[in-house]
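> Below is one structure. I have some questions about it.
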Amino acid sequence: MARRGSKGFGSLTELVLAGRNPQDSFGFVNPPVIHGSTVLWPTVDDYKRMTGRYTYGRRGTPTSDALSDALRLIEGGDHVALVPSGITAVALALLSLLDAGDHLLMVDTVYEPTRRFCDSMLKRLGVETSYYDPLVGGDVSGLMRPTTKAVFVESPGSLTFEIQDVPAIAGAAHARGAAVVMDNTWATPLFFRAHDHGVDVSVSAGTKYVGGHADVMFGWVSAIGPYAGAVRATHGTLGLCVGPDDMFLALRGLRTLGVRLAHHQAAALRVARWLDSRPEVARVMHPGLESDPGHALWKRDFSGASGLFAIELEPGPDDAVAAFLDGLELFGLGFSWGGFESLAIPYDVRKVRTATSGVTGGPTIRLHIGLEDVEDLIADLEGGLERYADAS
Ligand SMILES: *Cc1c(COP(=O)(O)O)cnc(C)c1O
């Protein structure tokens with residue numbers, strides 16, 4: 001579903017054009033990668049007036065401008081700040097908005113390191129966090145306090161993939177003067193237009209699909225309106241920046257994000273449907289499936305699904321889960337996702353939830369469907385499920 005951007009182009013065209021001006025790079029298609037800290041002024045007078053576009057490597061380079069301009073165009077926000085990882089993007093967003101004495105409403109299904117940031121550093125700085133059910137919708141207003149400054153959403157939820165009613169939550173938050181912050185890593189701005197759905201500050205782990213090749217770590221924060229200035233100021237105060245070669249890899253990844261996501265989406269849906277038909281699988285957690293409880297909201301608000309989802313198996317022992325996963329040939333066992341390769345990792349969601357029960361049945365496995373042939377992936381999983389059944 002092509003979305004029309006500010007210049008009337010579709011999102012795939014925007015990905016190709018964004019942050020690039022060959023006339024500024026001697027005609028070369030890609031912008032040069034500037035490695036630099038010191039920027040020189042020709043005279044004392046220039047130095048005193050800080051003439052020129054750049055003043056110091058940390059404060060911006062042609063390479064960081066190319067990447068942040070591209071991401072700003074794709075997000076449709078007012079300002080994009082680049083940071084060294086996704087979790088730094090979360091930290092920057094929250095540190096930009098919250099002061100001692102403030103209250104933060106955090107979704108219970110949030111990425112676990114975000115929870116750790118709130119429960120440790122924000123707590124130490126005098127910000128109180130309370131966790132809410134992802135399915136709360138507009139009733140979030142009942143949880144708000146006079147001190148609530150921000151409501152944080154992550155949709156779908158980490159590990160269990162609940163879809164949140166972001167516009168309803170944003171409506172309730174804005175009515176009380178609170179900001180809405182979203183972790184939009186799963187969908188990327190291509191499949192969920194965060195700012196169009198009431199999100200003021202959107203954070204993303206570029207490490208995942210924008211990088212796309214399991215070889216780069218970076219993140220970004222996109223902000224609108226009055227929040228843009230707060231993010232810009234905090235970013236500068238903290239001195240955050242990204243290495244030039246990592247920004248180059250991010251820009252390169254961006255060009256193919258659309259075609260990669262289209263493949264991840266189609267392949268993951270096929271694998272999810274196949275898994276849904278298997279007797280060893282109790283439940284498939286993928287909002288793109290018609291049977292998923294979040295499907296209607298996903299269809300209303302998202303223009304696509306990425307390659308990450310989870311399954312709950314019929315009850316079985318840990319040894320059987322190990323037999324399933326250890327014997328897989330194509331699925332690697334490791335953190336992160338969004339690369340070209342498929343991944344499978346077991347998790348226990350009960351350890352990372354405090355306001356909801358999460359999954360209470362059989363063992364759960366998170367899958368990332370990469371760019372391999374789908375038939376090969378299904379055959380690999382079929383062998384795994386047979387090993388699981390034999391060992392159960
Ligand atoms: C991976 C991830 C992050 C953190 O990204 P890093 O680059 O690993 O720090 C944040 N949010 C979500 C939803 C993620 O999946």
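Following the order of the structure tokens, chains are lettered A, B, ..., residues in each are numbered from 1, and ligands are numbered from 1.
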Which residues, written as a ChimeraX atom specification, have at least one atom at most 8 Å from Gly304 (chain A), with only C-alpha atoms counted and residues fewer than 2 positions away on the same chain left out?
/A:187,191-192,265,302,306
> Mind checking which residues fall within 9 Å of Gly258 (chain A), counting only C-alpha atoms, ignoring those fewer than 2 positions away in the same chain, and posting them as number ranges by chain?
A: 11-12, 15, 190, 254-256, 260-263
> Please write the residues from the selection above to a file, keeping N, CA and C atoms, as a CSV table (one decimal), in the first residue's frame.

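And here's part-v8.csv as it stands now:
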```csv
chain,number,residue,atom,x,y,z
A,11,SER,N,6.2,5.6,-0.9
A,11,SER,CA,7.2,5.4,0.1
A,11,SER,C,8.5,4.7,-0.5
A,12,LEU,N,8.3,3.9,-1.5
A,12,LEU,CA,9.5,3.2,-2.1
A,12,LEU,C,10.4,4.3,-2.8
A,15,LEU,N,12.3,6.3,-0.3
A,15,LEU,CA,13.4,5.6,0.3
A,15,LEU,C,14.6,5.7,-0.7
A,190,LEU,N,7.6,2.7,7.7
A,190,LEU,CA,7.0,2.3,6.4
A,190,LEU,C,5.6,1.6,6.6
A,254,LEU,N,18.6,1.6,4.2
A,254,LEU,CA,17.4,2.3,3.9
A,254,LEU,C,16.9,2.2,2.5
A,255,ARG,N,17.8,2.1,1.5
A,255,ARG,CA,17.5,2.1,0.1
A,255,ARG,C,16.7,0.8,-0.2
A,256,THR,N,17.0,-0.3,0.5
A,256,THR,CA,16.3,-1.6,0.2
A,256,THR,C,15.3,-2.0,1.2
A,260,ARG,N,12.9,-5.4,1.1
A,260,ARG,CA,13.2,-6.4,2.1
A,260,ARG,C,11.9,-6.6,3.0
A,261,LEU,N,11.3,-5.5,3.4
A,261,LEU,CA,10.1,-5.7,4.3
A,261,LEU,C,9.0,-6.4,3.6
A,262,ALA,N,8.8,-6.1,2.3
A,262,ALA,CA,7.8,-6.8,1.6
A,262,ALA,C,8.0,-8.3,1.6
A,263,HIS,N,9.3,-8.7,1.4
A,263,HIS,CA,9.6,-10.1,1.5
A,263,HIS,C,9.4,-10.7,2.9
```
> Write out as a list in words which residues come within 8 Å of region 78-89 of chain A when counting only C-alpha atoms, dropping same-chain ones fewer than 6 positions away.
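The residues that qualify are Ser64, Ser68, Asp69, Leu71, Arg72, Pro113, Thr114, Val203, Ser204, Ala205, Gly206, Thr207, Met217, Phe218, Gly219, Trp220, Val221, Ser222, Ala223, Ile224, Gly225, Ala228, Val231, Arg232, His235, Leu240, Cys241, Val242 and Gly243 of chain A.
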> Got time to write the residues from that selection, N, CA and C atoms, as an mmCIF file, in the first residue's frame?

```
data_model
loop_
_atom_site.group_PDB
_atom_site.id
_atom_site.type_symbol
_atom_site.label_atom_id
_atom_site.label_comp_id
_atom_site.auth_asym_id
_atom_site.auth_seq_id
_atom_site.Cartn_x
_atom_site.Cartn_y
_atom_site.Cartn_z
ATOM 1 N N SER A 64 25.801 12.582 8.747
ATOM 2 C CA SER A 64 24.669 12.505 9.687
ATOM 3 C C SER A 64 23.469 13.286 9.147
ATOM 4 N N SER A 68 19.820 11.713 8.814
ATOM 5 C CA SER A 68 18.692 12.265 9.582
ATOM 6 C C SER A 68 17.673 12.934 8.648
ATOM 7 N N ASP A 69 18.131 13.558 7.554
ATOM 8 C CA ASP A 69 17.181 14.123 6.584
ATOM 9 C C ASP A 69 16.320 13.016 5.975
ATOM 10 N N LEU A 71 15.581 10.063 7.253
ATOM 11 C CA LEU A 71 14.642 9.505 8.228
ATOM 12 C C LEU A 71 13.519 10.502 8.546
ATOM 13 N N ARG A 72 13.849 11.796 8.548
ATOM 14 C CA ARG A 72 12.818 12.810 8.816
ATOM 15 C C ARG A 72 11.765 12.779 7.717
ATOM 16 N N PRO A 113 14.629 -4.149 28.072
ATOM 17 C CA PRO A 113 15.608 -3.125 28.492
ATOM 18 C C PRO A 113 15.000 -1.729 28.702
ATOM 19 N N THR A 114 13.885 -1.431 28.048
ATOM 20 C CA THR A 114 13.195 -0.160 28.306
ATOM 21 C C THR A 114 12.651 -0.156 29.731
ATOM 22 N N VAL A 203 10.395 6.392 18.623
ATOM 23 C CA VAL A 203 11.755 5.868 18.707
ATOM 24 C C VAL A 203 11.850 4.568 17.925
ATOM 25 N N SER A 204 13.018 4.332 17.342
ATOM 26 C CA SER A 204 13.222 3.128 16.545
ATOM 27 C C SER A 204 14.632 2.598 16.756
ATOM 28 N N ALA A 205 14.744 1.273 16.772
ATOM 29 C CA ALA A 205 16.057 0.631 16.731
ATOM 30 C C ALA A 205 16.402 0.430 15.258
ATOM 31 N N GLY A 206 17.280 1.274 14.732
ATOM 32 C CA GLY A 206 17.729 1.128 13.344
ATOM 33 C C GLY A 206 18.545 -0.140 13.157
ATOM 34 N N THR A 207 19.044 -0.646 14.270
ATOM 35 C CA THR A 207 19.754 -1.923 14.322
ATOM 36 C C THR A 207 18.973 -3.031 13.618
ATOM 37 N N MET A 217 24.723 -1.100 14.589
ATOM 38 C CA MET A 217 23.857 -0.705 15.694
ATOM 39 C C MET A 217 23.634 0.800 15.632
ATOM 40 N N PHE A 218 22.379 1.192 15.616
ATOM 41 C CA PHE A 218 22.058 2.617 15.736
ATOM 42 C C PHE A 218 20.560 2.748 16.005
ATOM 43 N N GLY A 219 20.159 3.948 16.379
ATOM 44 C CA GLY A 219 18.753 4.203 16.623
ATOM 45 C C GLY A 219 18.450 5.635 16.263
ATOM 46 N N TRP A 220 17.140 5.978 16.280
ATOM 47 C CA TRP A 220 16.801 7.375 16.048
ATOM 48 C C TRP A 220 15.530 7.734 16.792
ATOM 49 N N VAL A 221 15.387 9.034 17.021
ATOM 50 C CA VAL A 221 14.189 9.572 17.657
ATOM 51 C C VAL A 221 13.611 10.595 16.703
ATOM 52 N N SER A 222 12.321 10.453 16.386
ATOM 53 C CA SER A 222 11.632 11.429 15.541
ATOM 54 C C SER A 222 10.602 12.152 16.398
ATOM 55 N N ALA A 223 10.617 13.488 16.346
ATOM 56 C CA ALA A 223 9.713 14.249 17.218
ATOM 57 C C ALA A 223 9.006 15.335 16.428
ATOM 58 N N ILE A 224 7.828 15.705 16.930
ATOM 59 C CA ILE A 224 7.066 16.778 16.279
ATOM 60 C C ILE A 224 6.765 17.905 17.273
ATOM 61 N N GLY A 225 6.439 19.049 16.712
ATOM 62 C CA GLY A 225 5.971 20.191 17.496
ATOM 63 C C GLY A 225 6.946 20.580 18.588
ATOM 64 N N ALA A 228 10.111 18.471 19.458
ATOM 65 C CA ALA A 228 11.300 18.453 18.600
ATOM 66 C C ALA A 228 12.441 19.222 19.261
ATOM 67 N N VAL A 231 13.937 17.278 22.279
ATOM 68 C CA VAL A 231 14.782 16.154 21.862
ATOM 69 C C VAL A 231 16.113 16.671 21.329
ATOM 70 N N ARG A 232 16.053 17.731 20.530
ATOM 71 C CA ARG A 232 17.275 18.300 19.965
ATOM 72 C C ARG A 232 18.223 18.776 21.083
ATOM 73 N N HIS A 235 19.638 15.773 23.184
ATOM 74 C CA HIS A 235 20.601 15.055 22.338
ATOM 75 C C HIS A 235 21.955 15.778 22.346
ATOM 76 N N LEU A 240 25.325 12.853 22.050
ATOM 77 C CA LEU A 240 25.129 11.590 21.343
ATOM 78 C C LEU A 240 25.447 11.741 19.861
ATOM 79 N N CYS A 241 26.134 10.775 19.317
ATOM 80 C CA CYS A 241 26.348 10.750 17.869
ATOM 81 C C CYS A 241 26.645 9.317 17.438
ATOM 82 N N VAL A 242 26.639 9.098 16.120
ATOM 83 C CA VAL A 242 26.823 7.754 15.557
ATOM 84 C C VAL A 242 28.068 7.780 14.676
ATOM 85 N N GLY A 243 28.822 6.700 14.670
ATOM 86 C CA GLY A 243 30.022 6.619 13.843
ATOM 87 C C GLY A 243 29.686 6.710 12.361
#
```
> Write out as a VMD selection string which residues come within 10 Å of Phe331 (chain A) when counting only C-alpha atoms, dropping same-chain ones fewer than 2 positions away.
chain A and resid 325 to 329 333 to 334 341 to 345 367 to 370 377 380 to 381
> Check the smallest atom-to-atom distance from each of A:Phe335, A:Tyr388, A:Phe248, A:Tyr227 to ligand 1 using only C-alpha atoms and all ligand atoms, then report the winner.
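Checking each of A:Phe335, A:Tyr388, A:Phe248, A:Tyr227 against ligand 1, counting only C-alpha atoms and all ligand atoms, the winner is A:Phe335.
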> As JSON, numbers by chain, list the residues of region 14-146 of chain A assigned to helix (DSSP H, G or I) by DSSP on the backbone atoms of this structure.
{"A": [14, 15, 16, 17, 22, 23, 24, 44, 45, 46, 47, 48, 49, 57, 58, 59, 62, 63, 64, 65, 66, 67, 68, 69, 70, 71, 72, 73, 74, 75, 86, 87, 88, 89, 90, 91, 92, 93, 94, 95, 96, 97, 112, 113, 114, 115, 116, 117, 118, 119, 120, 121, 122, 123, 124, 134, 135, 136, 137, 138, 139, 140, 141, 142, 143]}
> Please, what distance in Å, to one decimal, runs between CA of Ser155 (chain A) and atom 13 (C, counted along the ligand's line) of ligand 1?
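Atom 13 (C, counted along the ligand's line) of ligand 1 lies at a distance of 8.7 Å from CA of Ser155 (chain A).
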> Taking only C-alpha atoms and all ligand atoms into account, name the residue in A:Asp102, A:Glu372, A:Asp215, A:Asp133 that is nearest to ligand 1.
A:Asp215
